[in-house]
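Quick look at protein-v8.cif (mmCIF, C-alpha atoms):
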data_final
#
loop_
_atom_site.label_atom_id
_atom_site.label_comp_id
_atom_site.auth_asym_id
_atom_site.auth_seq_id
_atom_site.Cartn_x
_atom_site.Cartn_y
_atom_site.Cartn_z
CA MET L 1 13.78 23.42 -31.89
CA PRO L 2 15.97 20.61 -30.47
CA ALA L 3 16.32 22.49 -27.16
CA ALA L 4 12.54 22.61 -26.84
CA CYS L 5 12.36 18.86 -27.44
CA VAL L 6 14.98 18.22 -24.76
CA LEU L 7 13.12 20.45 -22.29
CA LEU L 8 9.81 18.76 -23.07
CA THR L 9 11.36 15.31 -22.68
CA ALA L 10 12.94 16.32 -19.35
CA LEU L 11 9.58 17.56 -18.05
CA MET L 12 7.93 14.31 -19.08
CA LEU L 13 10.60 12.27 -17.29
CA VAL L 14 10.59 14.37 -14.12
CA GLY L 15 6.86 14.95 -14.09
CA CYS L 16 4.90 17.94 -12.92
CA PRO L 17 5.17 19.06 -9.34
CA ASN L 18 2.57 17.63 -6.97
CA THR L 19 -0.17 20.22 -6.59
CA GLU L 20 -2.19 18.19 -4.07
CA PRO L 21 -2.32 19.90 -0.69
CA PRO L 22 -0.29 18.02 1.92
CA MET L 23 -1.67 16.50 5.08
CA THR L 24 -1.94 18.93 7.96
CA VAL L 25 -0.07 17.83 11.06
CA THR L 26 -0.50 19.39 14.50
CA LEU L 27 1.37 18.46 17.67
CA TYR L 28 -0.38 18.86 21.00
CA ALA L 29 1.32 19.23 24.36
CA GLY L 30 -0.67 20.30 27.39
CA GLY L 31 -3.34 21.99 25.30
CA THR L 32 -0.94 23.90 23.07
CA PRO L 33 -1.29 23.12 19.34
CA THR L 34 1.88 23.44 17.28
CA PRO L 35 1.66 23.18 13.49
CA VAL L 36 4.25 20.91 11.90
CA LYS L 37 5.86 21.77 8.56
CA LEU L 38 7.28 18.61 6.99
CA THR L 39 9.81 18.44 4.22
CA ASP L 40 8.83 16.19 1.31
CA ALA L 41 11.23 13.51 2.58
CA ASP L 42 9.86 13.69 6.13
CA ALA L 43 6.28 13.61 4.81
CA ARG L 44 7.07 10.37 2.96
CA THR L 45 8.66 8.88 6.10
CA VAL L 46 5.69 9.96 8.23
CA ARG L 47 3.25 8.42 5.76
CA SER L 48 5.28 5.20 5.76
CA LEU L 49 5.23 5.10 9.57
CA LEU L 50 1.47 5.73 9.61
CA ASP L 51 1.04 2.88 7.11
CA ALA L 52 3.08 0.57 9.36
CA LEU L 53 1.20 1.59 12.50
CA LEU L 54 -2.21 0.94 10.95
CA LEU L 55 -1.09 -2.26 9.19
CA LYS L 56 -0.47 -3.99 12.52
CA THR L 57 -3.69 -2.90 14.23
CA SER L 58 -5.31 -6.04 15.58
CA GLU L 59 -8.12 -4.97 17.90
CA THR L 60 -10.38 -2.07 18.77
CA LEU L 61 -11.11 -0.55 22.14
CA LYS L 62 -14.68 -0.61 23.37
CA VAL L 63 -14.72 3.08 24.11
CA ARG L 64 -17.00 5.82 22.84
CA VAL L 65 -15.02 8.43 20.97
CA ASP L 66 -16.29 11.94 20.38
CA ARG L 67 -14.66 15.30 19.75
CA GLU L 68 -14.66 16.04 23.50
CA ARG L 69 -12.57 12.92 24.25
CA ILE L 70 -10.01 13.93 21.62
CA GLU L 71 -9.96 17.54 22.87
CA GLU L 72 -9.40 16.29 26.43
CA GLN L 73 -6.46 14.21 25.18
CA GLN L 74 -5.08 17.26 23.38
CA LYS L 75 -5.40 19.40 26.54
CA THR L 76 -3.88 16.98 29.03
CA GLU L 77 -1.49 14.76 27.08
CA GLN L 78 0.93 14.88 24.16
CA GLY L 79 0.01 13.62 20.71
CA ALA L 80 -0.31 14.40 17.01
CA GLU L 81 -3.28 14.94 14.75
CA PHE L 82 -3.09 14.27 11.00
CA VAL L 83 -5.78 15.72 8.74
CA PHE L 84 -5.77 14.69 5.08
CA PRO L 85 -7.19 16.82 2.24
CA HIS L 86 -9.33 13.89 1.11
CA GLU L 87 -10.13 10.34 2.15
CA VAL L 88 -7.01 8.19 2.49
CA VAL L 89 -7.07 4.41 2.64
CA PHE L 90 -4.79 2.54 5.01
CA ARG L 91 -4.55 -1.23 5.19
CA SER L 92 -4.78 -3.33 8.33
CA GLU L 93 -3.86 -7.03 8.38
CA THR L 94 -6.86 -7.63 10.66
CA PHE L 95 -9.46 -5.07 9.51
CA GLY L 96 -8.65 -4.73 5.81
CA GLU L 97 -9.01 -1.28 4.28
CA ILE L 98 -9.56 1.64 6.64
CA ALA L 99 -10.69 4.85 4.92
CA VAL L 100 -9.98 7.98 6.96
CA GLN L 101 -9.61 11.74 6.70
CA ARG L 102 -7.99 12.18 10.10
CA LEU L 103 -5.86 10.33 12.64
CA TYR L 104 -4.94 11.18 16.20
CA LEU L 105 -2.00 9.41 17.87
CA PRO L 106 -1.46 9.91 21.61
CA PHE L 107 2.20 10.00 22.67
CA THR L 108 1.48 9.99 26.42
CA GLY L 109 -1.33 8.92 28.73
CA ASP L 110 -3.61 5.93 29.09
CA TYR L 111 -3.80 5.12 25.37
CA VAL L 112 -0.10 4.46 24.80
CA GLY L 113 2.26 1.86 26.20
CA THR L 114 5.98 1.80 26.88
CA THR L 115 9.03 -0.01 25.57
CA ARG L 116 8.06 -2.96 27.84
CA ASP L 117 4.39 -2.87 26.83
CA PRO L 118 4.52 -1.49 23.27
CA VAL L 119 0.76 -1.18 22.62
CA ILE L 120 -0.48 2.05 21.03
CA THR L 121 -3.88 3.48 20.13
CA VAL L 122 -4.84 5.02 16.79
CA PHE L 123 -7.91 7.24 16.74
CA ALA L 124 -9.26 7.41 13.19
CA GLY L 125 -12.15 9.17 11.52
CA ASP L 126 -13.58 11.17 8.68
CA THR L 127 -15.07 14.51 9.73
CA THR L 128 -15.36 13.13 13.29
CA TYR L 129 -13.52 10.31 15.05
CA PHE L 130 -14.90 6.76 14.94
CA THR L 131 -15.96 4.99 18.10
CA GLY L 132 -13.69 2.04 18.84
CA PRO L 133 -10.13 3.30 18.24
CA PHE L 134 -7.65 0.82 16.80
CA ARG L 135 -4.90 -0.82 18.84
CA ASN L 136 -1.48 -1.87 17.61
CA PRO L 137 0.16 -4.25 20.13
CA THR L 138 3.72 -3.58 18.95
CA GLY L 139 3.66 0.00 17.60
CA TYR L 140 5.51 1.89 20.33
CA PRO L 141 8.94 1.97 18.59
CA GLN L 142 7.44 3.34 15.34
CA LEU L 143 5.36 5.83 17.33
CA GLN L 144 8.52 7.14 19.02
CA GLU L 145 10.27 7.43 15.65
CA LEU L 146 7.28 9.36 14.30
CA ARG L 147 7.27 11.61 17.37
CA LYS L 148 10.95 12.51 16.91
CA ILE L 149 10.40 13.51 13.27
CA LEU L 150 7.38 15.64 14.14
CA GLU L 151 9.05 17.36 17.09
CA ARG L 152 12.14 18.11 15.01
CA SER L 153 10.00 19.46 12.19
CA ALA L 154 8.02 21.65 14.60
CA GLY L 155 11.27 23.09 15.97
CA GLN L 156 10.89 21.59 19.43
#

Written form, structure tokens:
Amino acid sequence: MPAACVLLTALMLVGCPNTEPPMTVTLYAGGTPTPVKLTDADARTVRSLLDALLLKTSETLKVRVDRERIEEQQKTEQGAEFVFPHEVVFRSETFGEIAVQRLYLPFTGDYVGTTRDPVITVFAGDTTYFTGPFRNPTGYPQLQELRKILERSAGQ
């Protein structure tokens, strides 16, 4: 009987394994989708980087966003799409709470800056992408860190 109590106590302290499905991450390069399998540690780091990128969004682009625009980005540029199993809330210092089910982050092209001009664009949405993607004026370093993790995890 004492062994059962110890086992039960250990399970209560450790907790049950997370049964929630993880976010789905896909890298795009020149039209080729590559699924990304993240370790638990990398998934936490990726989520933290996404939180940081959205926190510092301070403006939106006046551009109409539809599935075709995202698909064109995925065909011609490099980027990553994150699809969550349910609505996830991110916080922005400027816009407050942003509830999404998907994010698309371009790594190359017109929607991303450089080390000298570190602006990045975050496309966000639920079942489709919202018009008026978010801009983070200083997100380029975090975006590059995120890209390295995803490329490593995808085996590239």

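From CA of Leu27 in chain L back to CA of Ala154 in chain L, the distance works out to 8.0 Å.
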
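With only C-alpha atoms as the atoms that count, the minimum distance from Ala80 in chain L to the choices L:Gly113, L:Gly96, L:Pro118, L:Pro35 is reached by L:Pro35.
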
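Computed from the coordinates, the CA of Arg152 in chain L to CA of Val25 in chain L distance equals 12.8 Å.
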
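Nearest residue to Pro106 in chain L among L:Lys56, L:Arg47, L:Arg64, L:Arg147 is L:Arg147, counting all atoms listed in the file.
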
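Nearest-residue note for Asp42 in chain L: choosing from L:Val122, L:Leu54, L:Ala29, L:Met23, the minimum distance belongs to L:Met23, counting all atoms listed in the file.
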
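Considering only C-alpha atoms, the residue among L:Tyr140, L:Phe84, L:Phe134, L:Tyr129 positioned nearest to Gln101 in chain L is L:Phe84.
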
Selected residue, from L:Asp110, L:Asp51, L:Asp40, L:Asp66, that lies nearest to Phe90 in chain L when counting all atoms listed in the file: L:Asp51

Shell of 12 Å around Phe130 in chain L, only C-alpha atoms, local chain residues under 6 positions omitted, as a count of residues only: 20

Tell me which protein, DNA and RNA residues are within 8 Å of Leu38 in chain L, counting all atoms listed in the file, leaving out same-chain ones fewer than 5 positions away, and put them as a PDB file with C-alpha atoms, keeping the file's coordinate frame.
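After the write, selection06.pdb holds the following:
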ATOM      1  CA  ALA L  43       6.280  13.610   4.810  1.00  0.00           C
ATOM      2  CA  LEU L 150       7.380  15.640  14.140  1.00  0.00           C
ATOM      3  CA  SER L 153      10.000  19.460  12.190  1.00  0.00           C
TER       4      SER L 153
END

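When only C-alpha atoms are used to compute distances to Phe107 in chain L, the closest of the residues L:Thr34, L:Thr26, L:Thr45, L:Thr121 turns out to be L:Thr121.
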
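CA of Leu55 in chain L to CA of Phe95 in chain L spans 8.8 Å [interatomic distance, one decimal].
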
Might you spell out which residues the PyMOL selection byres ((chain L and resi 117) around 10) would select in the displayed file, as a compact mmCIF listing (two decimals) with C-alpha atoms, keeping the file's coordinate frame?
# COMPACT_ATOMS: atom_id res chain seq x y z
CA VAL L 112 -0.10 4.46 24.80
CA GLY L 113 2.26 1.86 26.20
CA THR L 114 5.98 1.80 26.88
CA THR L 115 9.03 -0.01 25.57
CA ARG L 116 8.06 -2.96 27.84
CA PRO L 118 4.52 -1.49 23.27
CA VAL L 119 0.76 -1.18 22.62
CA ILE L 120 -0.48 2.05 21.03
CA PRO L 137 0.16 -4.25 20.13
CA THR L 138 3.72 -3.58 18.95
CA GLY L 139 3.66 0.00 17.60
CA TYR L 140 5.51 1.89 20.33

Long-range neighbours of Gln142 in chain L as a PyMOL selection string, 8 Å cut-off, all atoms listed in the file, 2 positions minimum in chain: chain L and resi 49+52-53+139-140+144-146

Taking the block above, write range 29-44 of chain L with N, CA and C atoms as a tab-separated table (two decimals), in the first residue's frame.
chain	number	residue	atom	x	y	z
L	29	ALA	N	9.49	27.17	-48.82
L	29	ALA	CA	10.63	27.70	-49.56
L	29	ALA	C	10.39	27.43	-51.04
L	30	GLY	N	10.13	28.48	-51.80
L	30	GLY	CA	9.91	28.32	-53.22
L	30	GLY	C	8.77	27.39	-53.58
L	31	GLY	N	7.72	27.41	-52.78
L	31	GLY	CA	6.55	26.59	-53.06
L	31	GLY	C	6.56	25.22	-52.43
L	32	THR	N	7.67	24.84	-51.84
L	32	THR	CA	7.76	23.51	-51.23
L	32	THR	C	7.45	23.57	-49.74
L	33	PRO	N	6.35	22.92	-49.30
L	33	PRO	CA	6.04	22.88	-47.88
L	33	PRO	C	6.84	21.77	-47.19
L	34	THR	N	7.40	22.10	-46.04
L	34	THR	CA	8.13	21.12	-45.24
L	34	THR	C	7.58	21.13	-43.83
L	35	PRO	N	6.98	20.01	-43.39
L	35	PRO	CA	6.48	19.97	-42.01
L	35	PRO	C	7.64	20.04	-41.01
L	36	VAL	N	7.38	20.69	-39.89
L	36	VAL	CA	8.39	20.85	-38.85
L	36	VAL	C	7.93	20.08	-37.61
L	37	LYS	N	8.79	19.21	-37.12
L	37	LYS	CA	8.51	18.46	-35.90
L	37	LYS	C	9.36	19.07	-34.79
L	38	LEU	N	8.70	19.72	-33.83
L	38	LEU	CA	9.41	20.40	-32.75
L	38	LEU	C	9.47	19.52	-31.50
L	39	THR	N	10.59	19.57	-30.82
L	39	THR	CA	10.67	18.96	-29.51
L	39	THR	C	9.84	19.82	-28.56
L	40	ASP	N	9.53	19.31	-27.39
L	40	ASP	CA	8.78	20.10	-26.42
L	40	ASP	C	9.52	21.38	-26.06
L	41	ALA	N	10.84	21.28	-25.89
L	41	ALA	CA	11.64	22.46	-25.54
L	41	ALA	C	11.62	23.48	-26.67
L	42	ASP	N	11.79	23.01	-27.92
L	42	ASP	CA	11.75	23.93	-29.06
L	42	ASP	C	10.36	24.55	-29.22
L	43	ALA	N	9.31	23.77	-28.98
L	43	ALA	CA	7.95	24.30	-29.08
L	43	ALA	C	7.74	25.43	-28.07
L	44	ARG	N	8.27	25.28	-26.87
L	44	ARG	CA	8.16	26.34	-25.87
L	44	ARG	C	8.94	27.59	-26.32
